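Please read the structure below before turning to the comments.
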Amino acid sequence: MKEQKITKRYSEAFKQKIIAEIESGKYNPYQASRVYDISDYIVRHWLKKQSKNHLLNKVIHIQMANERDKITLLEQEKKALESALAQTQLKLLNAEATIEIYEEEYGVRVKKNSITGSLNVPSKKEKDKKASR
């Protein structure tokens, strides 16, 4: 038979008691979680929820200079690629609009098929032919 999952719900008074003990310096978050047999994740969550972030451990990232440079370089490269993609998309939209205008003006179909998924609108001449049939 399948074992039932146990869900624990803690009262606000209990949460406040633990937070007060951490604030007073009696315990740090990890110690409080062990004393009260609670996940340290839950204790950290309560502290964050009560805007008591100053009671949480600070995380300091230590890395080599070349790692930092590599990250900066990759971020710059990503930004350049995103910019190039945006420029290409604008050029594509401009070209499609130009082709559409040309087809309407001269009644000549320029595009044979749609590679980019753009509209393949029939020209005026083609519309007139279909209408006269």
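Each chain in the structure tokens gets a letter, A, B and so on, in the order shown; residues start at 1 in every chain, and ligands are counted from 1 in the order they appear.
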- How would you write, as a PyMOL selection string, the set of residues in chain A that DSSP gives as helix (DSSP H, G or I)? chain A and resi 12-24+29-35+40-49+53-55+65-106+124-132
- Message: Which residues are near region 40-48 of chain A? Cut-off 9 Å, only C-alpha atoms, ignore same chain within fewer than 4 positions. Put them as an MDAnalysis selection string.
- Response: chainID A and resid 15:16 18:19 29:34 52:56
Go ahead and dump the residues you just picked, C-alpha atoms, as a PDB file, in the first residue's frame.
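Output file out-v2.pdb follows:
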ATOM      1  CA  LYS A  15       7.366  31.149  12.505  1.00  0.00           C
ATOM      2  CA  GLN A  16       7.683  34.430  14.419  1.00  0.00           C
ATOM      3  CA  ILE A  18      11.981  31.096  15.155  1.00  0.00           C
ATOM      4  CA  ILE A  19      12.597  34.406  13.356  1.00  0.00           C
ATOM      5  CA  PRO A  29      19.068  29.960  10.227  1.00  0.00           C
ATOM      6  CA  TYR A  30      20.813  26.615   9.802  1.00  0.00           C
ATOM      7  CA  GLN A  31      20.973  25.947  13.549  1.00  0.00           C
ATOM      8  CA  ALA A  32      17.302  26.874  14.016  1.00  0.00           C
ATOM      9  CA  SER A  33      16.315  24.463  11.266  1.00  0.00           C
ATOM     10  CA  ARG A  34      18.184  21.655  13.045  1.00  0.00           C
ATOM     11  CA  LYS A  52      14.743  39.741   7.038  1.00  0.00           C
ATOM     12  CA  ASN A  53      17.327  39.206   4.293  1.00  0.00           C
ATOM     13  CA  HIS A  54      20.013  40.722   6.505  1.00  0.00           C
ATOM     14  CA  LEU A  55      19.819  37.550   8.625  1.00  0.00           C
ATOM     15  CA  LEU A  56      20.659  35.310   5.681  1.00  0.00           C
TER      16      LEU A  56
END
- re CA of Asp37 (chain A) and CA of Ser11 (chain A): distance 15.0 Å
